[in-house]
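Source file work.cif; content: mmCIF, C-alpha atoms.
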data_start
#
loop_
_atom_site.label_atom_id
_atom_site.label_comp_id
_atom_site.auth_asym_id
_atom_site.auth_seq_id
_atom_site.Cartn_x
_atom_site.Cartn_y
_atom_site.Cartn_z
CA GLU A 14 74.05 63.99 97.09
CA GLU A 15 71.44 63.77 94.33
CA HIS A 16 71.02 60.51 92.43
CA PRO A 17 73.50 60.29 89.49
CA ALA A 18 70.74 59.44 87.00
CA PHE A 19 68.86 62.60 87.97
CA LYS A 20 72.01 64.70 87.54
CA ILE A 21 72.85 63.16 84.17
CA SER A 22 69.34 63.81 82.86
CA TRP A 23 69.64 67.47 83.76
CA VAL A 24 73.09 67.72 82.16
CA ILE A 25 71.55 66.39 78.93
CA VAL A 26 68.71 68.93 79.13
CA ILE A 27 71.12 71.83 79.70
CA LEU A 28 73.47 70.74 76.89
CA ALA A 29 70.61 70.13 74.47
CA ALA A 30 68.86 73.43 75.17
CA PRO A 31 71.29 75.75 77.00
CA VAL A 32 69.03 78.82 76.73
CA PHE A 33 66.12 77.09 78.43
CA GLY A 34 67.90 74.26 80.26
CA GLY A 35 69.68 76.42 82.81
CA PRO A 36 66.59 78.32 84.02
CA PHE A 37 64.53 75.12 83.98
CA TYR A 38 67.11 73.42 86.18
CA LEU A 39 67.12 76.29 88.67
CA ILE A 40 63.32 76.06 88.94
CA PHE A 41 62.65 72.34 88.60
CA GLY A 42 65.87 70.49 89.37
CA ASN A 43 67.98 72.41 91.87
CA LYS A 44 67.53 71.16 95.45
CA ARG A 45 69.85 73.54 97.27
CA ASP A 46 67.09 75.90 98.39
CA THR A 47 65.28 73.04 100.11
CA LYS A 48 67.73 72.49 102.97
CA LYS A 49 65.49 74.42 105.36
CA ILE A 50 62.40 72.31 104.73
CA GLY A 51 64.60 69.22 104.82
CA ARG A 52 65.76 70.15 108.33
CA GLN A 53 62.18 70.88 109.40
CA LEU A 54 60.91 67.54 108.16
CA SER A 55 63.87 65.75 109.73
CA GLU A 56 62.96 67.23 113.11
CA TYR A 57 59.40 65.98 112.82
CA ASN A 58 60.64 62.54 111.79
CA LYS A 59 62.89 62.36 114.85
CA TYR A 60 60.03 63.52 117.04
CA PHE A 61 57.72 60.80 115.78
CA LEU A 62 60.39 58.13 115.83
CA TYR A 63 61.05 58.87 119.52
CA ASN A 64 57.40 59.13 120.54
CA SER A 65 56.15 56.18 118.53
CA LYS A 66 58.59 53.89 120.35
CA ASN A 67 57.01 54.98 123.62
CA VAL A 68 53.38 54.60 122.58
CA PHE A 69 53.65 51.60 120.28
CA PRO A 70 56.45 49.04 120.62
CA PRO A 71 58.29 47.80 117.52
CA PRO A 72 57.39 44.37 116.14
CA GLU A 73 58.94 41.37 117.80
CA ILE A 74 62.15 39.97 116.34
CA SER A 75 60.21 36.76 115.71
CA THR A 76 58.14 38.57 113.06
CA ILE A 77 61.24 39.45 111.05
CA GLU A 78 62.78 36.03 111.58
CA ALA A 79 59.59 34.32 110.41
CA LEU A 80 59.85 36.18 107.09
CA ASN A 81 63.55 35.33 106.95
CA GLU A 82 62.74 31.62 107.20
CA LYS A 83 60.28 32.00 104.34
CA ASN A 84 62.50 34.08 102.05
CA ARG A 85 65.82 35.67 102.97
CA ASN A 86 65.67 38.14 100.06
CA TYR A 87 62.35 39.53 101.23
CA LYS A 88 63.70 39.84 104.75
CA ARG A 89 66.52 41.95 103.31
CA GLN A 90 64.04 44.11 101.42
CA SER A 91 61.95 44.54 104.56
CA GLU A 92 65.00 45.60 106.55
CA TYR A 93 65.95 48.09 103.82
CA LEU A 94 62.51 49.72 104.12
CA ALA A 95 62.63 49.62 107.92
CA ASN A 96 66.14 51.07 108.16
CA LEU A 97 65.50 53.96 105.78
CA THR A 98 61.86 54.80 106.55
CA HIS A 99 61.45 53.50 110.12
CA SER A 100 58.35 51.65 108.92
CA SER A 101 58.26 48.24 110.54
CA LEU A 102 57.27 44.83 109.23
CA TYR A 103 54.00 43.65 110.77
CA ASP A 104 51.93 40.57 111.24
CA GLY A 105 48.58 40.89 113.09
CA THR A 106 47.18 42.70 110.07
CA SER A 107 44.65 41.67 107.44
CA ILE A 108 44.66 43.17 103.95
CA LYS A 109 42.04 43.49 101.24
CA TYR A 110 42.63 44.45 97.60
CA TYR A 111 40.22 46.51 95.47
CA GLU A 112 40.43 46.16 91.72
CA SER A 113 38.56 49.39 90.99
CA GLY A 114 38.08 52.86 92.41
CA GLU A 115 34.33 52.26 92.62
CA LEU A 116 34.72 49.27 94.94
CA ALA A 117 37.35 50.99 97.07
CA ILE A 118 35.36 54.19 97.54
CA GLU A 119 32.22 52.28 98.48
CA ASP A 120 34.12 50.55 101.27
CA ILE A 121 35.98 53.72 102.32
CA LEU A 122 32.72 55.62 102.78
CA ALA A 123 31.28 52.75 104.82
CA SER A 124 34.36 52.75 107.08
CA ILE A 125 34.14 56.52 107.55
CA GLU A 126 30.46 56.15 108.41
CA SER A 127 31.42 53.75 111.23
CA ALA A 128 34.24 55.94 112.65
CA SER A 129 34.02 56.60 116.39
CA ARG A 130 37.39 58.21 117.26
CA PHE A 131 39.09 59.92 114.33
CA ILE A 132 39.40 60.14 110.54
CA LEU A 133 42.67 61.08 108.81
CA ILE A 134 42.71 61.91 105.10
CA GLU A 135 45.85 62.80 103.14
CA ILE A 136 45.24 63.32 99.44
CA PHE A 137 46.84 64.84 96.35
CA ILE A 138 43.78 65.88 94.32
CA ILE A 139 40.29 66.92 95.41
CA ASP A 140 37.73 68.15 92.90
CA PHE A 141 34.17 69.30 93.33
CA GLY A 142 31.58 66.79 92.21
CA TYR A 143 29.53 63.81 93.32
CA LEU A 144 32.30 62.12 95.32
CA TRP A 145 33.47 65.23 97.16
CA ASP A 146 29.87 66.25 97.98
CA LYS A 147 29.16 62.81 99.41
CA LEU A 148 32.40 62.71 101.39
CA LEU A 149 32.04 66.26 102.74
CA THR A 150 28.48 65.59 103.91
CA LEU A 151 29.68 62.46 105.68
CA LEU A 152 32.63 64.25 107.30
CA GLN A 153 30.35 67.01 108.59
CA LYS A 154 28.09 64.37 110.09
CA LYS A 155 31.04 62.73 111.86
CA VAL A 156 32.18 66.09 113.23
CA GLU A 157 28.71 66.50 114.75
CA GLU A 158 29.23 63.09 116.38
CA ASN A 159 32.46 64.41 118.01
CA VAL A 160 34.74 62.39 115.73
CA SER A 161 38.01 64.25 115.04
CA VAL A 162 38.48 64.79 111.30
CA TYR A 163 41.85 65.78 109.80
CA LEU A 164 42.18 66.62 106.10
CA LEU A 165 45.56 67.32 104.46
CA TYR A 166 45.63 68.09 100.75
CA ASP A 167 48.30 69.25 98.32
CA ASP A 168 48.07 72.81 97.04
CA LEU A 169 49.11 72.04 93.46
CA GLY A 170 46.75 69.06 93.29
CA THR A 171 43.74 71.20 94.21
CA ILE A 172 44.67 74.68 93.00
CA GLN A 173 42.58 74.44 89.83
CA ASN A 174 39.60 73.09 91.74
CA PHE A 175 39.36 74.74 95.17
CA PRO A 176 38.94 78.47 95.86
CA ILE A 177 41.86 80.18 97.53
CA HIS A 178 41.97 79.56 101.30
CA TYR A 179 39.26 76.91 101.05
CA GLU A 180 40.82 75.26 104.09
CA ARG A 181 39.38 78.13 106.16
CA THR A 182 35.89 77.17 105.03
CA LEU A 183 36.54 73.56 106.00
CA ASN A 184 37.89 74.58 109.41
CA LYS A 185 34.71 76.57 110.08
CA MET A 186 32.81 73.32 109.47
CA GLY A 187 34.83 71.68 112.24
CA ILE A 188 37.13 69.79 109.88
CA LYS A 189 40.79 70.27 110.78
CA ALA A 190 42.14 71.09 107.32
CA THR A 191 45.57 72.20 106.18
CA VAL A 192 47.32 72.59 102.83
CA PHE A 193 50.65 71.01 101.97
CA ASN A 194 53.37 73.23 100.47
CA LYS A 195 51.35 76.26 99.38
CA LEU A 196 52.44 77.74 96.08
CA LYS A 197 54.12 81.12 96.30
CA ALA A 198 54.17 83.97 93.80
CA HIS A 199 57.87 83.42 93.12
CA LEU A 200 59.30 80.28 91.58
CA ASN A 201 61.78 78.11 93.43
CA PRO A 202 62.60 74.40 93.63
CA ARG A 203 60.32 73.95 96.63
CA LEU A 204 57.25 74.06 94.36
CA ASN A 205 58.27 70.63 92.99
CA TYR A 206 57.90 68.84 96.30
CA ARG A 207 54.30 67.71 96.17
CA ASP A 208 52.43 65.45 98.56
CA HIS A 209 51.34 62.73 96.12
CA ARG A 210 50.35 60.33 98.91
CA LYS A 211 46.84 58.97 99.37
CA LEU A 212 46.08 57.82 102.91
CA ILE A 213 42.72 57.38 104.62
CA ILE A 214 42.84 56.12 108.21
CA ILE A 215 39.85 55.40 110.44
CA ASP A 216 40.18 54.98 114.22
CA GLY A 217 43.78 53.81 113.87
CA TYR A 218 42.61 50.32 112.96
CA THR A 219 41.65 50.68 109.29
CA GLY A 220 43.88 52.26 106.64
CA TYR A 221 43.63 52.66 102.87
CA THR A 222 46.13 53.60 100.19
CA GLY A 223 46.43 53.31 96.41
CA GLY A 224 46.05 55.50 93.37
CA ILE A 225 42.63 56.96 94.09
CA ASN A 226 42.12 60.70 94.57
CA ILE A 227 38.85 62.40 95.54
CA ALA A 228 37.45 63.24 92.11
CA ASP A 229 34.69 61.74 90.02
CA GLU A 230 36.91 60.32 87.25
CA TYR A 231 38.48 57.93 89.79
CA ILE A 232 35.11 56.18 90.18
CA ASN A 233 34.10 56.61 86.50
CA ARG A 234 31.23 58.98 87.19
CA LYS A 235 33.11 61.46 85.00
CA ILE A 236 34.71 60.14 81.82
CA ARG A 237 37.84 61.98 80.71
CA PHE A 238 40.20 59.39 79.22
CA GLY A 239 37.99 56.38 78.65
CA HIS A 240 37.58 53.92 81.50
CA TRP A 241 39.69 54.87 84.52
CA LYS A 242 41.35 51.80 86.01
CA ASP A 243 42.55 52.30 89.57
CA THR A 244 43.25 50.12 92.60
CA ALA A 245 43.65 50.31 96.38
CA VAL A 246 44.31 48.20 99.44
CA LYS A 247 42.76 48.22 102.92
CA LEU A 248 44.75 47.26 106.01
CA GLU A 249 43.17 46.36 109.33
CA GLY A 250 45.28 45.85 112.42
CA LYS A 251 48.69 46.71 113.80
CA ALA A 252 50.35 47.90 110.58
CA VAL A 253 47.95 50.83 110.28
CA PHE A 254 50.01 52.61 112.94
CA SER A 255 52.78 53.15 110.37
CA MET A 256 50.24 54.83 108.10
CA THR A 257 49.13 57.04 110.99
CA GLU A 258 52.74 58.04 111.63
CA MET A 259 53.22 58.94 107.96
CA PHE A 260 50.10 61.09 108.03
CA PHE A 261 51.12 63.08 111.09
CA GLN A 262 54.68 63.61 109.88
CA GLN A 263 53.21 65.44 106.90
CA TRP A 264 50.48 67.11 108.97
CA CYS A 265 52.89 68.60 111.50
CA PHE A 266 55.22 69.72 108.74
CA ALA A 267 52.39 71.43 106.82
CA SER A 268 50.50 72.90 109.80
CA LYS A 269 53.57 73.59 111.98
CA THR A 270 51.66 72.29 115.00
CA PRO A 271 52.78 69.40 117.24
CA ILE A 272 50.53 66.38 117.82
CA ASP A 273 50.37 63.95 120.72
CA ILE A 274 50.47 60.75 118.70
CA SER A 275 49.44 58.64 121.69
CA GLN A 276 45.83 59.61 120.93
CA PHE A 277 45.97 57.78 117.61
CA THR A 278 47.34 54.35 118.42
CA VAL A 279 45.92 51.02 117.26
CA ARG A 280 43.81 49.49 120.02
CA LYS A 281 43.42 46.02 118.55
CA SER A 282 45.07 43.73 116.03
CA SER A 283 43.62 41.53 113.34
CA GLU A 284 44.26 37.96 112.31
CA SER A 285 47.61 37.67 110.57
CA ASP A 286 47.58 37.26 106.80
CA GLY A 287 51.25 37.00 105.91
CA TRP A 288 53.26 40.17 106.50
CA VAL A 289 52.71 43.78 105.48
CA GLN A 290 54.89 46.88 105.59
CA PRO A 291 53.49 50.34 104.87
CA PHE A 292 56.28 52.77 103.94
CA GLY A 293 56.77 56.33 102.83
CA ASP A 294 59.20 57.99 100.45
CA SER A 295 60.47 61.57 100.70
CA PRO A 296 62.34 63.61 98.06
CA LEU A 297 64.37 65.34 100.76
CA ASP A 298 66.48 62.42 101.96
CA ASN A 299 68.16 61.60 98.61
CA ASP A 300 67.22 57.93 99.04
CA ASN A 301 65.02 56.61 96.24
CA ILE A 302 63.08 54.29 98.51
CA ALA A 303 60.23 53.34 96.20
CA GLU A 304 62.39 52.88 93.10
CA ASN A 305 64.91 50.81 95.01
CA ALA A 306 62.14 48.65 96.47
CA TYR A 307 60.87 48.04 92.94
CA ILE A 308 64.38 47.19 91.73
CA GLN A 309 64.90 44.76 94.61
CA ILE A 310 61.73 42.92 93.59
CA ILE A 311 62.91 42.77 89.97
CA ASN A 312 66.39 41.56 90.92
CA HIS A 313 65.06 38.79 93.18
CA ALA A 314 62.38 37.54 90.76
CA SER A 315 62.52 33.89 89.72
CA ASN A 316 59.43 33.47 87.55
CA TYR A 317 57.62 36.72 86.82
CA VAL A 318 57.29 40.44 87.58
CA TRP A 319 54.10 42.15 86.45
CA ILE A 320 53.74 45.92 86.63
CA THR A 321 51.01 48.50 86.05
CA THR A 322 51.86 52.20 85.80
CA PRO A 323 50.30 55.26 84.17
CA TYR A 324 53.73 56.63 83.24
CA LEU A 325 56.89 54.84 82.13
CA ILE A 326 59.68 57.42 82.32
CA LEU A 327 62.68 55.42 83.41
CA ASP A 328 66.24 56.05 84.48
CA THR A 329 69.20 53.85 83.57
CA GLN A 330 69.02 51.77 86.76
CA MET A 331 65.40 50.78 86.19
CA ILE A 332 65.88 50.02 82.50
CA THR A 333 68.90 47.86 83.33
CA ALA A 334 67.05 45.93 86.06
CA LEU A 335 64.03 45.26 83.84
CA SER A 336 66.22 44.24 80.89
CA ILE A 337 68.46 41.89 82.87
CA ALA A 338 65.45 40.19 84.45
CA ALA A 339 63.80 39.62 81.06
CA GLN A 340 67.05 38.46 79.49
CA SER A 341 67.41 35.97 82.36
CA GLY A 342 64.10 34.31 81.54
CA VAL A 343 61.87 36.15 84.00
CA ASP A 344 58.41 36.98 82.60
CA VAL A 345 58.49 40.79 82.83
CA ARG A 346 55.31 42.57 81.74
CA ILE A 347 54.21 46.19 81.99
CA ILE A 348 50.74 47.68 81.38
CA THR A 349 50.48 51.38 80.49
CA PRO A 350 47.45 53.44 79.38
CA GLY A 351 45.80 53.04 76.00
CA ILE A 352 44.27 56.51 76.32
CA PRO A 353 46.80 58.80 78.05
CA ASP A 354 45.94 61.79 80.19
CA LYS A 355 48.97 63.70 78.85
CA TRP A 356 50.00 62.94 75.27
CA TYR A 357 53.54 64.29 75.68
CA VAL A 358 54.20 62.16 78.79
CA HIS A 359 52.88 59.07 77.02
CA SER A 360 55.16 59.86 74.09
CA VAL A 361 58.12 59.70 76.48
CA SER A 362 56.78 56.41 77.87
CA ARG A 363 56.66 55.01 74.34
CA SER A 364 60.22 56.18 73.68
CA HIS A 365 61.35 53.40 76.06
CA TYR A 366 59.32 50.63 74.42
CA ALA A 367 61.79 49.49 71.75
CA GLN A 368 64.73 49.11 74.16
CA LEU A 369 62.64 47.13 76.64
CA LEU A 370 61.01 44.98 73.94
CA ARG A 371 64.40 44.05 72.52
CA ALA A 372 65.40 42.81 75.98
CA GLY A 373 62.30 40.61 76.14
CA VAL A 374 60.04 42.79 78.31
CA ARG A 375 56.40 42.48 77.24
CA ILE A 376 54.44 45.76 77.11
CA TYR A 377 50.67 46.22 76.97
CA GLU A 378 48.43 49.25 76.63
CA TYR A 379 45.07 49.26 78.43
CA THR A 380 42.62 49.56 75.54
CA PRO A 381 39.48 50.82 77.38
CA GLY A 382 41.22 53.94 78.67
CA PHE A 383 43.60 55.15 81.36
CA ILE A 384 45.24 52.80 83.86
CA HIS A 385 46.23 54.82 86.91
CA SER A 386 47.09 51.96 89.29
CA LYS A 387 50.69 51.65 90.49
CA MET A 388 51.46 48.01 91.26
CA PHE A 389 54.24 45.44 91.29
CA VAL A 390 53.59 41.73 91.83
CA CYS A 391 56.21 38.98 91.72
CA ASP A 392 56.26 35.17 91.97
CA ASP A 393 52.92 35.01 93.86
CA SER A 394 54.86 35.97 97.00
CA VAL A 395 55.48 39.74 97.08
CA ALA A 396 53.64 42.81 95.84
CA ILE A 397 53.60 46.58 96.29
CA VAL A 398 50.47 48.70 95.86
CA GLY A 399 50.76 52.42 96.43
CA THR A 400 51.03 55.89 94.95
CA THR A 401 54.41 55.79 93.18
CA ASN A 402 54.46 56.09 89.40
CA MET A 403 57.42 54.85 87.38
CA ASP A 404 58.61 58.33 86.50
CA TYR A 405 61.07 60.98 87.63
CA ARG A 406 58.56 63.04 89.56
CA SER A 407 57.47 60.14 91.74
CA PHE A 408 60.98 58.75 92.20
CA TYR A 409 62.78 62.05 92.82
CA LEU A 410 60.37 64.89 93.64
CA HIS A 411 57.18 63.65 95.33
CA PHE A 412 56.25 62.43 98.77
CA GLU A 413 54.87 58.94 98.09
CA CYS A 414 53.70 55.91 100.02
CA GLY A 415 52.95 52.24 99.47
CA VAL A 416 52.35 48.89 101.12
CA ALA A 417 54.75 46.00 100.63
CA MET A 418 53.01 42.64 101.04
CA TYR A 419 54.73 39.34 101.64
CA TYR A 420 52.99 35.97 101.42
CA ASN A 421 49.42 37.10 101.99
CA SER A 422 46.16 36.45 100.18
CA ALA A 423 45.93 39.90 98.59
CA ILE A 424 48.99 39.12 96.44
CA ASN A 425 47.02 36.57 94.42
CA ASP A 426 44.19 39.09 94.08
CA VAL A 427 46.64 41.60 92.60
CA ARG A 428 48.06 38.98 90.25
CA ASN A 429 44.64 37.78 89.09
CA ASP A 430 43.44 41.32 88.47
CA ILE A 431 46.48 42.12 86.32
CA ASP A 432 46.02 38.81 84.50
CA ARG A 433 42.43 39.77 83.63
CA THR A 434 43.60 43.23 82.57
CA TYR A 435 45.83 41.70 79.87
CA ASP A 436 42.64 40.54 78.13
CA LEU A 437 41.53 44.18 77.94
CA SER A 438 44.90 45.39 76.67
CA LYS A 439 46.79 45.41 73.40
CA GLU A 440 50.27 43.89 73.44
CA ILE A 441 52.88 46.08 71.78
CA LEU A 442 55.11 44.07 69.45
CA LEU A 443 58.66 45.06 68.52
CA SER A 444 57.89 44.56 64.83
CA GLU A 445 55.07 47.10 65.08
CA GLU A 446 57.10 49.49 67.18
CA MET A 447 59.87 49.51 64.56
CA LYS A 448 57.33 50.78 62.00
CA THR A 449 56.86 54.00 63.97
CA PRO A 450 57.40 56.94 61.58
CA LEU A 451 60.78 58.65 61.82
CA LEU A 452 59.33 62.04 62.71
CA THR A 453 57.35 60.48 65.57
CA ARG A 454 60.50 58.82 66.91
CA ILE A 455 62.40 62.11 66.68
CA LEU A 456 59.62 63.92 68.57
CA ARG A 457 59.61 61.24 71.27
CA ASN A 458 63.36 61.53 71.74
CA ILE A 459 63.21 65.33 71.91
CA LEU A 460 60.52 65.07 74.59
CA LYS A 461 62.60 62.42 76.33
CA LEU A 462 65.33 65.00 76.90
CA PHE A 463 62.94 66.89 79.12
CA SER A 464 61.74 63.83 81.04
CA PRO A 465 63.13 65.07 84.42
CA MET A 466 60.44 67.76 84.36
CA MET A 467 57.57 65.36 83.55
#
File written out as structure tokens:
Amino acid sequence: EEHPAFKISWVIVILAAPVFGGPFYLIFGNKRDTKKIGRQLSEYNKYFLYNSKNVFPPPEISTIEALNEKNRNYKRQSEYLANLTHSSLYDGTSIKYYESGELAIEDILASIESASRFILIEIFIIDFGYLWDKLLTLLQKKVEENVSVYLLYDDLGTIQNFPIHYERTLNKMGIKATVFNKLKAHLNPRLNYRDHRKLIIIDGYTGYTGGINIADEYINRKIRFGHWKDTAVKLEGKAVFSMTEMFFQQWCFASKTPIDISQFTVRKSSESDGWVQPFGDSPLDNDNIAENAYIQIINHASNYVWITTPYLILDTQMITALSIAAQSGVDVRIITPGIPDKWYVHSVSRSHYAQLLRAGVRIYEYTPGFIHSKMFVCDDSVAIVGTTNMDYRSFYLHFECGVAMYYNSAINDVRNDIDRTYDLSKEILLSEEMKTPLLTRILRNILKLFSPMM
């Protein structure tokens, strides 16, 4: 069954605008026509779950128990992610945090340069420009060195940038390229299910994820909405295998070709730095993995929860969790963009401000431009960095991924970066928000009705 909040939102849309609401629901909200792709993806998941157990054993019970001794709530959260996504909790993995797209891309390109076995790239957006030219040249070089290169990109994310059937051009270069969920001439709910994940995996040992796509604005070589603030993490060691599994689940689904995953295992571990747990989220299982992981962090917080998100389009469950935490004395803060990429989406984000501010949540807008990073950090002990925005599309309609971190050094790096970002942001005060003109508030609430489509 679909999530009640998602259903209620669509009921409101249909009642408010019956002429348009019904057709919009059939196109954007109805999931009935997706049973076939759900079955297909389920088969691939079962295939990988069976094969991965044979080629890479699950983590020892001692790993889970060690986290349990440190914090029983985090052990519960880890088991929730493991039970629903089959992504295990790992030690034997180091993690590095990047506070900007520029720093992350510099390191990613260096890792690709050193690849000797394979390179896996799963991305939502690719655009022609400096970054793509540099990456493509490097990938062609690695192909000449007999390194296997796989590139999976979303059709909607690239449709305005790439020529039709561009994957054929890439395949002629020796790059194994395929497109996720190609758009068809007719409209149906399937078009909503986009691959919003960002994964770059080198030799099975090094893996990256975060908000960064392959386009020049993500490294501020192209300025569109002021300074673009993005972040990423790099894993090295055993946990990268979960990222590899996620990649090939999507690859096999999109290409309809089986893969022998034993070729892509991790061949060495790294020194342990706390615990990490890469995980994926699918819109086809009706489990809101990423949102529920966020809510678990909020509910277990003792001192603070700090959040960055480009969009703040919330359902009742998330608003309630944030409000209760703030009303209980937890320091809850959220940073959103100062210069939005979509004015109407930001208007819906702002429609939530007053309710959250009244509950004691502190809200900031990133003055230099657009903050695209998607991060949660709590009590210096747990954090999530990944691809999931705090909006309906990410929670209900997109394939997403992230890395949950428990008691490792990168958590303080996330916290310190957000702390510095407050100095570059304007705090939104309830007194100022209440001065918003009536017509503006009416427009925001009208747009809010259509938030399930944003």
Atom pair atom CA of Pro450 of chain A / atom CA of Arg363 of chain A: separation (Å):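 Atom CA of Arg363 of chain A lies 12.9 Å from atom CA of Pro450 of chain A.
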What gap, in Å, lies between atom CA of Ile134 of chain A and atom CA of Phe389 of chain A?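 Interatomic distance, atom CA of Ile134 of chain A to atom CA of Phe389 of chain A: 24.4 Å.
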One-decimal distance in Å that lies between atom CA of Leu460 of chain A and atom CA of His359 of chain A: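 For atom CA of His359 of chain A relative to atom CA of Leu460 of chain A, the distance reads 10.0 Å.
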Expand the PyMOL selection byres ((chain A and resi 89) around 12) into the individual residues it matches in the shown file, reporting them as a ChimeraX atom specification. /A:77-78,80-88,90-96,102,306,309-310,313
Tell me which of A:Met186, A:Ile332, A:Met418, A:Leu462 sits closest to Trp288 of chain A, counting all atoms listed in the file.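 Looking only at the distances to Trp288 of chain A, the closest residue turns out to be A:Met418.
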Ile118 of chain A environment, 10 Å, all atoms listed in the file, sequence neighbours closer than 2 positions dropped, as a ChimeraX atom specification: /A:111,113-116,120-124,144,148,221,225-227,231-232,245
Residue neighbourhood Arg375 of chain A, 9 Å, only C-alpha atoms, exclusion window fewer than 5 positions, as JSON, numbers by chain: {"A": [339, 344, 345, 346, 347, 348, 369, 370, 440, 441, 442]}
Can you give me, as a PyMOL selection string, the residues this file yields under the PyMOL selection byres ((chain A and resi 240) around 7)? chain A and resi 233+236+238-239+241-242+381-383
Pull the neighbourhood of (56.1, 65.1, 93.7) for me: all residues within 7 Å in file coordinates, counting only C-alpha atoms, as JSON, numbers by chain. {"A": [205, 206, 207, 208, 209, 406, 407, 410, 411, 412]}
Take the PyMOL selection byres ((chain A and resi 294) around 7), run it mentally on this structure, and tell me the resulting residues as a list in words. Phe292, Gly293, Ser295, Pro296, Ile302, Ala303, Phe412, Glu413 and Cys414 of chain A
Write out as a PyMOL selection string the residues lying within 7 Å of Ser394 of chain A, counting all atoms listed in the file and excluding same-chain residues fewer than 6 positions away. chain A and resi 419-420+424
Emit the selected residues as a PDB file, in the coordinates of the input, including C-alpha atoms.
ATOM      1  CA  TYR A 419      54.730  39.340 101.640  1.00  0.00           C
ATOM      2  CA  TYR A 420      52.990  35.970 101.420  1.00  0.00           C
ATOM      3  CA  ILE A 424      48.990  39.120  96.440  1.00  0.00           C
TER       4      ILE A 424
END
Have a look at A:Val427, A:Val160, A:Ile139, A:Ile384 and name the one nearest to Asn174 of chain A; count all atoms listed in the file.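 Nearest to Asn174 of chain A: A:Ile139.
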Please list as a ChimeraX atom specification every residue within 12 Å of His178 of chain A, counting all atoms listed in the file and excluding residues in the same chain fewer than 2 positions away. /A:168,171-172,174-176,180-185,190-192,195-196
Contacts of segment 264-267 of chain A at 7 Å or less, counting all atoms listed in the file, minus same-chain residues fewer than 3 places along, as a ChimeraX atom specification? /A:54,57,165,191-194,260-261,270-271
Name the closest residue to Arg210 of chain A among the candidates A:Val343, A:Ile274, A:Ile136, A:Ala338; distances are taken between atoms, counting only C-alpha atoms.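 Closest to Arg210 of chain A, using only C-alpha atoms: A:Ile136.
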Starting from the incomplete input, reconstruct N, CA and C atoms of segment 439-451 of chain A and write that as a PDB file, in the frame of the given file.
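Now in out.pdb:
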ATOM      1  N   LYS A 439      46.126  45.763  74.650  1.00  0.00           N
ATOM      2  CA  LYS A 439      46.790  45.410  73.400  1.00  0.00           C
ATOM      3  C   LYS A 439      48.281  45.232  73.665  1.00  0.00           C
ATOM      4  N   GLU A 440      48.827  44.090  73.275  1.00  0.00           N
ATOM      5  CA  GLU A 440      50.270  43.890  73.440  1.00  0.00           C
ATOM      6  C   GLU A 440      51.016  44.627  72.331  1.00  0.00           C
ATOM      7  N   ILE A 441      52.051  45.331  72.721  1.00  0.00           N
ATOM      8  CA  ILE A 441      52.880  46.080  71.780  1.00  0.00           C
ATOM      9  C   ILE A 441      54.008  45.156  71.308  1.00  0.00           C
ATOM     10  N   LEU A 442      54.098  44.959  70.021  1.00  0.00           N
ATOM     11  CA  LEU A 442      55.110  44.070  69.450  1.00  0.00           C
ATOM     12  C   LEU A 442      56.279  44.896  68.907  1.00  0.00           C
ATOM     13  N   LEU A 443      57.479  44.343  69.007  1.00  0.00           N
ATOM     14  CA  LEU A 443      58.660  45.060  68.520  1.00  0.00           C
ATOM     15  C   LEU A 443      58.554  45.329  67.030  1.00  0.00           C
ATOM     16  N   SER A 444      58.015  44.372  66.281  1.00  0.00           N
ATOM     17  CA  SER A 444      57.890  44.560  64.830  1.00  0.00           C
ATOM     18  C   SER A 444      57.006  45.756  64.501  1.00  0.00           C
ATOM     19  N   GLU A 445      55.947  45.948  65.306  1.00  0.00           N
ATOM     20  CA  GLU A 445      55.070  47.100  65.080  1.00  0.00           C
ATOM     21  C   GLU A 445      55.738  48.394  65.534  1.00  0.00           C
ATOM     22  N   GLU A 446      56.447  48.302  66.646  1.00  0.00           N
ATOM     23  CA  GLU A 446      57.100  49.490  67.180  1.00  0.00           C
ATOM     24  C   GLU A 446      58.161  50.007  66.214  1.00  0.00           C
ATOM     25  N   MET A 447      58.833  49.102  65.499  1.00  0.00           N
ATOM     26  CA  MET A 447      59.870  49.510  64.560  1.00  0.00           C
ATOM     27  C   MET A 447      59.298  50.200  63.323  1.00  0.00           C
ATOM     28  N   LYS A 448      57.978  50.107  63.123  1.00  0.00           N
ATOM     29  CA  LYS A 448      57.330  50.780  62.000  1.00  0.00           C
ATOM     30  C   LYS A 448      56.909  52.213  62.339  1.00  0.00           C
ATOM     31  N   THR A 449      57.204  52.640  63.568  1.00  0.00           N
ATOM     32  CA  THR A 449      56.860  54.000  63.970  1.00  0.00           C
ATOM     33  C   THR A 449      57.540  55.005  63.043  1.00  0.00           C
ATOM     34  N   PRO A 450      56.809  55.965  62.498  1.00  0.00           N
ATOM     35  CA  PRO A 450      57.400  56.940  61.580  1.00  0.00           C
ATOM     36  C   PRO A 450      58.590  57.670  62.197  1.00  0.00           C
ATOM     37  N   LEU A 451      59.552  58.015  61.354  1.00  0.00           N
ATOM     38  CA  LEU A 451      60.780  58.650  61.820  1.00  0.00           C
ATOM     39  C   LEU A 451      60.509  59.940  62.569  1.00  0.00           C
TER      40      LEU A 451
END
